[in-house]
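Text of the file my_file_29.csv, holding CSV, C-alpha atoms:
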```csv
chain,number,residue,atom,x,y,z
V,22,MET,CA,0.0,0.0,0.0
V,23,ALA,CA,1.5,3.4,-1.0
V,24,VAL,CA,0.7,6.3,1.2
V,25,ILE,CA,1.4,9.9,0.2
V,26,LEU,CA,1.5,12.5,3.0
V,27,TYR,CA,1.2,16.2,2.6
V,28,PHE,CA,1.9,18.8,5.4
V,29,ARG,CA,0.8,22.4,5.2
V,30,GLY,CA,2.5,25.3,7.0
V,31,LYS,CA,5.8,25.4,8.7
V,32,MET,CA,6.9,22.3,10.4
V,33,SER,CA,10.4,21.1,11.4
V,34,LEU,CA,11.8,18.1,9.7
V,35,SER,CA,12.0,16.2,13.0
V,36,MET,CA,8.3,16.9,13.6
V,37,GLN,CA,7.4,15.7,10.1
V,38,MET,CA,9.4,12.5,10.7
V,39,VAL,CA,7.6,11.8,14.0
V,40,ARG,CA,4.2,12.2,12.3
V,41,VAL,CA,5.2,10.0,9.4
V,42,LEU,CA,6.4,7.3,11.7
V,43,THR,CA,3.2,7.5,13.8
V,44,ILE,CA,1.0,7.1,10.7
V,45,ILE,CA,3.1,4.1,9.5
V,46,VAL,CA,2.8,2.4,12.9
V,47,LEU,CA,-1.0,2.9,12.8
V,48,LEU,CA,-1.2,1.4,9.3
V,49,LEU,CA,0.9,-1.6,10.3
V,50,SER,CA,-1.3,-2.1,13.3
V,51,ALA,CA,-4.4,-2.1,11.2
V,52,GLY,CA,-2.8,-4.5,8.8
V,53,LYS,CA,-2.0,-6.8,11.7
V,54,GLY,CA,-5.6,-6.7,12.9
V,55,LEU,CA,-6.8,-7.7,9.4
V,56,ALA,CA,-4.3,-10.6,9.4
V,57,GLN,CA,-5.5,-11.7,12.8
V,58,ASP,CA,-9.1,-11.8,11.5
V,59,GLU,CA,-8.0,-14.6,9.2
V,60,ASN,CA,-7.5,-16.8,12.2
V,61,PHE,CA,-11.2,-16.6,13.1
V,62,PHE,CA,-14.2,-18.4,11.5
V,63,GLN,CA,-17.7,-19.4,12.2
V,64,ASP,CA,-19.4,-22.7,12.3
V,65,THR,CA,-22.6,-24.0,14.0
V,66,ILE,CA,-23.1,-25.6,17.4
V,67,LEU,CA,-26.4,-26.9,18.8
V,68,CYS,CA,-28.7,-24.9,21.1
V,69,ASN,CA,-31.7,-26.8,22.2
V,70,GLY,CA,-31.1,-29.2,19.3
V,71,LYS,CA,-31.0,-26.4,16.7
V,72,PRO,CA,-27.9,-24.9,15.0
V,73,ILE,CA,-26.6,-21.5,15.9
V,74,LEU,CA,-23.5,-19.7,14.8
V,75,ALA,CA,-20.4,-19.7,17.0
V,76,THR,CA,-17.0,-18.0,16.5
V,77,PHE,CA,-13.8,-20.1,16.6
V,78,HIS,CA,-10.1,-19.2,16.7
V,79,LYS,CA,-7.4,-21.2,14.8
V,80,PHE,CA,-4.8,-21.2,17.5
V,81,ASN,CA,-2.6,-23.9,15.9
V,82,LYS,CA,-3.0,-24.2,12.1
V,83,LYS,CA,-0.3,-26.8,11.8
V,84,LEU,CA,-2.1,-29.3,14.0
V,85,LYS,CA,-5.5,-27.9,13.0
V,86,LEU,CA,-6.6,-27.1,16.5
V,87,ALA,CA,-9.3,-24.5,17.4
V,88,SER,CA,-10.8,-22.9,20.4
V,89,LEU,CA,-14.3,-21.4,20.9
V,90,GLY,CA,-14.2,-17.7,21.4
V,91,ARG,CA,-12.5,-14.6,20.0
V,92,GLY,CA,-9.0,-15.2,21.3
V,93,SER,CA,-7.4,-12.2,22.9
V,94,TYR,CA,-10.4,-10.1,22.2
V,95,GLY,CA,-12.0,-11.5,25.3
V,96,LYS,CA,-15.6,-11.7,23.9
V,97,ALA,CA,-18.1,-14.5,23.9
V,98,GLY,CA,-18.0,-16.8,21.0
V,99,ILE,CA,-21.8,-17.0,20.7
V,100,ASP,CA,-24.7,-14.7,20.9
V,101,THR,CA,-25.1,-13.9,24.6
V,102,LEU,CA,-28.9,-14.1,24.3
V,103,ALA,CA,-28.7,-17.8,23.4
V,104,SER,CA,-30.7,-19.8,25.9
V,105,GLY,CA,-31.2,-23.4,27.0
V,106,ARG,CA,-29.0,-26.4,26.4
V,107,ILE,CA,-25.7,-26.1,24.4
V,108,GLU,CA,-23.9,-29.0,22.8
V,109,LEU,CA,-20.5,-28.6,21.2
V,110,PRO,CA,-19.0,-30.8,18.4
V,111,ASP,CA,-15.6,-32.3,18.7
V,112,SER,CA,-14.5,-30.6,15.5
V,113,VAL,CA,-15.5,-27.6,13.4
V,114,THR,CA,-15.0,-26.5,9.8
V,115,ASP,CA,-13.8,-23.2,8.4
V,116,SER,CA,-15.0,-21.5,5.2
V,117,ASP,CA,-12.3,-23.4,3.1
V,118,GLY,CA,-13.7,-26.7,4.3
V,119,THR,CA,-10.7,-27.4,6.6
V,120,ARG,CA,-11.6,-29.3,9.8
V,121,TYR,CA,-10.2,-28.2,13.1
V,122,LYS,CA,-10.4,-30.2,16.3
V,123,LEU,CA,-12.0,-28.3,19.1
V,124,ARG,CA,-9.4,-28.3,21.9
V,125,SER,CA,-10.4,-25.5,24.2
V,126,ILE,CA,-13.0,-23.0,25.4
V,127,GLY,CA,-11.1,-19.7,25.0
V,128,ARG,CA,-10.9,-16.8,27.3
V,129,GLN,CA,-14.5,-15.6,28.1
V,130,GLY,CA,-15.8,-18.0,25.4
V,131,PHE,CA,-19.2,-18.1,27.0
V,132,ALA,CA,-18.9,-15.1,29.3
V,133,ASN,CA,-22.1,-13.3,30.1
V,134,CYS,CA,-24.3,-15.9,28.3
V,135,ARG,CA,-26.9,-15.5,31.1
V,136,TYR,CA,-29.5,-17.7,29.6
V,137,ILE,CA,-27.8,-21.0,28.8
V,138,THR,CA,-28.8,-23.7,31.3
V,139,GLU,CA,-26.8,-26.8,30.4
V,140,ILE,CA,-23.7,-27.5,28.4
V,141,THR,CA,-21.9,-30.6,27.3
V,142,LEU,CA,-18.2,-30.3,26.4
V,143,PRO,CA,-17.0,-32.8,23.8
V,144,GLU,CA,-14.4,-35.5,24.1
V,145,GLY,CA,-11.0,-34.2,22.9
V,146,LEU,CA,-11.4,-30.9,24.6
V,147,THR,CA,-8.5,-30.3,27.0
V,148,ASP,CA,-8.6,-26.7,28.2
V,149,ILE,CA,-11.1,-24.4,29.7
V,150,GLY,CA,-9.8,-20.8,29.6
V,151,ASP,CA,-10.0,-18.1,32.2
V,152,GLN,CA,-13.4,-16.6,32.7
V,153,ALA,CA,-14.7,-19.1,30.1
V,154,PHE,CA,-18.2,-19.3,31.7
V,155,TYR,CA,-18.0,-16.1,33.7
V,156,ASN,CA,-21.4,-14.7,34.8
V,157,CYS,CA,-23.5,-17.5,33.2
V,158,THR,CA,-26.1,-17.0,35.9
V,159,SER,CA,-28.6,-19.5,34.6
V,160,LEU,CA,-26.1,-22.4,34.0
V,161,ARG,CA,-27.3,-25.3,36.1
V,162,GLU,CA,-25.4,-28.3,34.7
V,163,ILE,CA,-22.2,-28.9,32.9
V,164,VAL,CA,-20.5,-32.1,31.6
V,165,LEU,CA,-16.7,-32.1,31.5
V,166,PRO,CA,-15.0,-34.7,29.3
V,167,THR,CA,-12.5,-37.4,30.1
V,168,SER,CA,-9.9,-35.6,28.0
V,169,LEU,CA,-10.0,-32.4,30.2
V,170,PHE,CA,-6.5,-31.4,31.3
V,171,VAL,CA,-6.7,-27.9,32.8
V,172,ILE,CA,-9.2,-25.3,34.0
V,173,TYR,CA,-7.9,-21.8,34.3
V,174,PRO,CA,-8.8,-19.1,36.9
V,175,PHE,CA,-12.3,-17.7,37.3
V,176,ALA,CA,-13.7,-20.2,34.7
V,177,PHE,CA,-17.0,-20.6,36.5
V,178,ARG,CA,-17.2,-17.4,38.6
V,179,GLY,CA,-20.6,-15.9,38.7
V,180,CYS,CA,-22.4,-19.1,37.8
V,181,SER,CA,-24.8,-18.7,40.7
V,182,SER,CA,-27.2,-21.4,39.6
V,183,LEU,CA,-24.6,-24.2,39.0
V,184,ARG,CA,-25.8,-27.3,40.8
V,185,ILE,CA,-24.5,-30.3,38.8
V,186,ILE,CA,-20.9,-30.8,37.6
V,187,ARG,CA,-20.3,-34.1,35.8
V,188,LEU,CA,-16.5,-34.6,35.7
V,189,LYS,CA,-15.6,-37.7,33.6
V,190,ALA,CA,-11.8,-37.4,33.9
V,191,THR,CA,-10.3,-40.3,35.8
V,192,GLU,CA,-6.9,-38.5,36.1
V,193,ARG,CA,-6.9,-35.5,38.3
V,194,VAL,CA,-7.4,-32.3,36.3
V,195,ARG,CA,-4.9,-29.5,36.7
V,196,ILE,CA,-6.9,-26.7,38.3
V,197,TYR,CA,-6.3,-23.1,39.6
V,198,ASP,CA,-7.7,-21.1,42.5
V,199,ASN,CA,-10.8,-19.0,42.2
V,200,ILE,CA,-12.6,-21.1,39.7
V,201,PHE,CA,-15.9,-21.5,41.5
V,202,ASP,CA,-18.0,-19.3,43.7
V,203,LEU,CA,-18.3,-20.3,47.3
V,204,GLN,CA,-22.0,-21.0,46.8
V,205,THR,CA,-21.1,-23.5,44.1
V,206,LEU,CA,-18.7,-25.3,46.4
V,207,ASP,CA,-21.4,-25.4,49.1
V,208,ASN,CA,-24.4,-26.3,47.0
V,209,ALA,CA,-23.4,-28.1,43.8
V,210,ILE,CA,-23.0,-31.9,43.5
V,211,LEU,CA,-19.7,-33.0,41.9
V,212,PHE,CA,-20.2,-36.3,40.0
V,213,ILE,CA,-16.9,-38.1,39.5
V,214,PRO,CA,-15.8,-41.5,38.1
V,215,ALA,CA,-16.1,-44.5,40.4
V,216,GLY,CA,-13.0,-45.0,42.5
V,217,THR,CA,-11.7,-41.4,42.2
V,218,GLU,CA,-13.2,-39.8,45.2
V,219,LYS,CA,-10.0,-39.9,47.3
V,220,LYS,CA,-8.0,-38.5,44.4
V,221,TYR,CA,-10.3,-35.5,44.0
V,222,ARG,CA,-10.9,-35.0,47.7
V,223,ASN,CA,-7.1,-34.3,47.9
V,224,SER,CA,-7.1,-31.8,45.0
V,225,LEU,CA,-6.7,-28.1,45.5
V,226,VAL,CA,-10.2,-26.9,44.5
V,227,PHE,CA,-12.3,-30.0,43.9
V,228,GLY,CA,-11.5,-31.0,47.4
V,229,MET,CA,-13.5,-28.0,48.6
V,230,PHE,CA,-16.8,-29.3,47.3
V,231,ARG,CA,-19.3,-30.3,50.1
V,232,TYR,CA,-21.2,-32.9,48.0
V,233,TYR,CA,-19.7,-35.7,46.0
V,234,ALA,CA,-21.3,-38.6,44.1
V,235,GLU,CA,-19.5,-41.4,42.3
V,236,SER,CA,-20.8,-42.2,38.9
V,237,PHE,CA,-20.8,-45.8,37.5
V,238,GLU,CA,-21.7,-44.9,34.0
```
Let me see the file written as structure tokens.
Amino acid sequence: MAVILYFRGKMSLSMQMVRVLTIIVLLLSAGKGLAQDENFFQDTILCNGKPILATFHKFNKKLKLASLGRGSYGKAGIDTLASGRIELPDSVTDSDGTRYKLRSIGRQGFANCRYITEITLPEGLTDIGDQAFYNCTSLREIVLPTSLFVIYPFAFRGCSSLRIIRLKATERVRIYDNIFDLQTLDNAILFIPAGTEKKYRNSLVFGMFRYYAESFE
């Protein structure tokens, strides 16, 4: 892109250079933003059994891995007015027809989605980002897959209605402080695989739950 700049009136050469450099930096930043947009695409997920659009981020093109959300933009990956039960696929497809495995819920991927009530995360998903479900005030139940590896801070803060957490992972999940509200720790039931109660009782955050139930599914 060629840019021609004109300056009227008297201006020192050094001041002209400063303005030219400032404009160049702004143009480069804009170009970088456009390039970043190529890393995002939309595909459908299910809401109450019906498809709705969601935004995904290609965080590893080589391995074809994607996360739900807008990456560093920190905005929800779906319409925050979506309501009811959400089901996520284990892979998604961009506009070129390339399939990406869904590996994570990005930062604030579902933040402020106040009307979703249930969500099932797919097998293959390993990470839940910070504030991923922040302020999902109607969320009552969530299913966490066996593949889950890590949950980042504040992931379920503000989920005041959360009462059922179905954790399928038999190996202890890496977890940070401040993931759940105190009322979730006091009132929700944590369903865990048979024979893992001792393991989770000794974990940093899961050990703070008042109610446990071993699942034999």
Nearest to V:Arg161 by atom-to-atom distance, counting all atoms listed in the file, from V:Gly105, V:Gly130, V:Pro110, V:Pro143: V:Gly105
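For the pair atom CA of V:Tyr221 and atom CA of V:Phe131, the separation is 25.9 Å.
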Residue with smallest distance to V:Ile196 - pool V:Thr101, V:Ser224, V:Thr147, V:Gln63, counting all atoms listed in the file: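 Answer, going by the shortest atom-to-atom distance: V:Ser224.
Between atom CA of V:Thr141 and atom CA of V:Phe62 there is a distance of 21.4 Å.
Put simply, atom CA of V:Ile126 is 22.5 Å away from atom CA of V:Ile210.
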Take stretch 94-146 of chain V from the block and save it with C-alpha atoms, as a PDB file, in the first residue's frame.
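Result went into selection.pdb, see below:
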```pdb
ATOM      1  CA  TYR V  94     -10.411 -10.078  22.165  1.00  0.00           C
ATOM      2  CA  GLY V  95     -12.047 -11.534  25.267  1.00  0.00           C
ATOM      3  CA  LYS V  96     -15.586 -11.653  23.868  1.00  0.00           C
ATOM      4  CA  ALA V  97     -18.108 -14.470  23.921  1.00  0.00           C
ATOM      5  CA  GLY V  98     -18.007 -16.845  20.979  1.00  0.00           C
ATOM      6  CA  ILE V  99     -21.802 -17.026  20.681  1.00  0.00           C
ATOM      7  CA  ASP V 100     -24.734 -14.652  20.895  1.00  0.00           C
ATOM      8  CA  THR V 101     -25.062 -13.868  24.603  1.00  0.00           C
ATOM      9  CA  LEU V 102     -28.865 -14.065  24.251  1.00  0.00           C
ATOM     10  CA  ALA V 103     -28.689 -17.778  23.380  1.00  0.00           C
ATOM     11  CA  SER V 104     -30.703 -19.797  25.886  1.00  0.00           C
ATOM     12  CA  GLY V 105     -31.178 -23.393  26.992  1.00  0.00           C
ATOM     13  CA  ARG V 106     -28.963 -26.409  26.372  1.00  0.00           C
ATOM     14  CA  ILE V 107     -25.694 -26.092  24.447  1.00  0.00           C
ATOM     15  CA  GLU V 108     -23.925 -29.027  22.783  1.00  0.00           C
ATOM     16  CA  LEU V 109     -20.493 -28.614  21.219  1.00  0.00           C
ATOM     17  CA  PRO V 110     -19.038 -30.800  18.438  1.00  0.00           C
ATOM     18  CA  ASP V 111     -15.569 -32.315  18.708  1.00  0.00           C
ATOM     19  CA  SER V 112     -14.516 -30.620  15.460  1.00  0.00           C
ATOM     20  CA  VAL V 113     -15.513 -27.603  13.388  1.00  0.00           C
ATOM     21  CA  THR V 114     -15.038 -26.530   9.760  1.00  0.00           C
ATOM     22  CA  ASP V 115     -13.850 -23.191   8.382  1.00  0.00           C
ATOM     23  CA  SER V 116     -15.029 -21.521   5.167  1.00  0.00           C
ATOM     24  CA  ASP V 117     -12.350 -23.360   3.138  1.00  0.00           C
ATOM     25  CA  GLY V 118     -13.653 -26.731   4.295  1.00  0.00           C
ATOM     26  CA  THR V 119     -10.699 -27.397   6.605  1.00  0.00           C
ATOM     27  CA  ARG V 120     -11.644 -29.263   9.775  1.00  0.00           C
ATOM     28  CA  TYR V 121     -10.214 -28.217  13.120  1.00  0.00           C
ATOM     29  CA  LYS V 122     -10.364 -30.232  16.315  1.00  0.00           C
ATOM     30  CA  LEU V 123     -12.004 -28.311  19.140  1.00  0.00           C
ATOM     31  CA  ARG V 124      -9.392 -28.284  21.883  1.00  0.00           C
ATOM     32  CA  SER V 125     -10.428 -25.479  24.214  1.00  0.00           C
ATOM     33  CA  ILE V 126     -12.983 -22.985  25.392  1.00  0.00           C
ATOM     34  CA  GLY V 127     -11.121 -19.709  24.964  1.00  0.00           C
ATOM     35  CA  ARG V 128     -10.929 -16.776  27.334  1.00  0.00           C
ATOM     36  CA  GLN V 129     -14.473 -15.601  28.071  1.00  0.00           C
ATOM     37  CA  GLY V 130     -15.766 -17.981  25.403  1.00  0.00           C
ATOM     38  CA  PHE V 131     -19.215 -18.087  27.023  1.00  0.00           C
ATOM     39  CA  ALA V 132     -18.889 -15.053  29.308  1.00  0.00           C
ATOM     40  CA  ASN V 133     -22.134 -13.262  30.127  1.00  0.00           C
ATOM     41  CA  CYS V 134     -24.270 -15.860  28.349  1.00  0.00           C
ATOM     42  CA  ARG V 135     -26.854 -15.475  31.093  1.00  0.00           C
ATOM     43  CA  TYR V 136     -29.538 -17.685  29.586  1.00  0.00           C
ATOM     44  CA  ILE V 137     -27.789 -20.979  28.838  1.00  0.00           C
ATOM     45  CA  THR V 138     -28.830 -23.664  31.323  1.00  0.00           C
ATOM     46  CA  GLU V 139     -26.841 -26.777  30.384  1.00  0.00           C
ATOM     47  CA  ILE V 140     -23.701 -27.458  28.370  1.00  0.00           C
ATOM     48  CA  THR V 141     -21.902 -30.612  27.281  1.00  0.00           C
ATOM     49  CA  LEU V 142     -18.221 -30.259  26.380  1.00  0.00           C
ATOM     50  CA  PRO V 143     -16.975 -32.774  23.783  1.00  0.00           C
ATOM     51  CA  GLU V 144     -14.359 -35.481  24.141  1.00  0.00           C
ATOM     52  CA  GLY V 145     -11.020 -34.227  22.874  1.00  0.00           C
ATOM     53  CA  LEU V 146     -11.385 -30.853  24.582  1.00  0.00           C
TER      54      LEU V 146
END
```
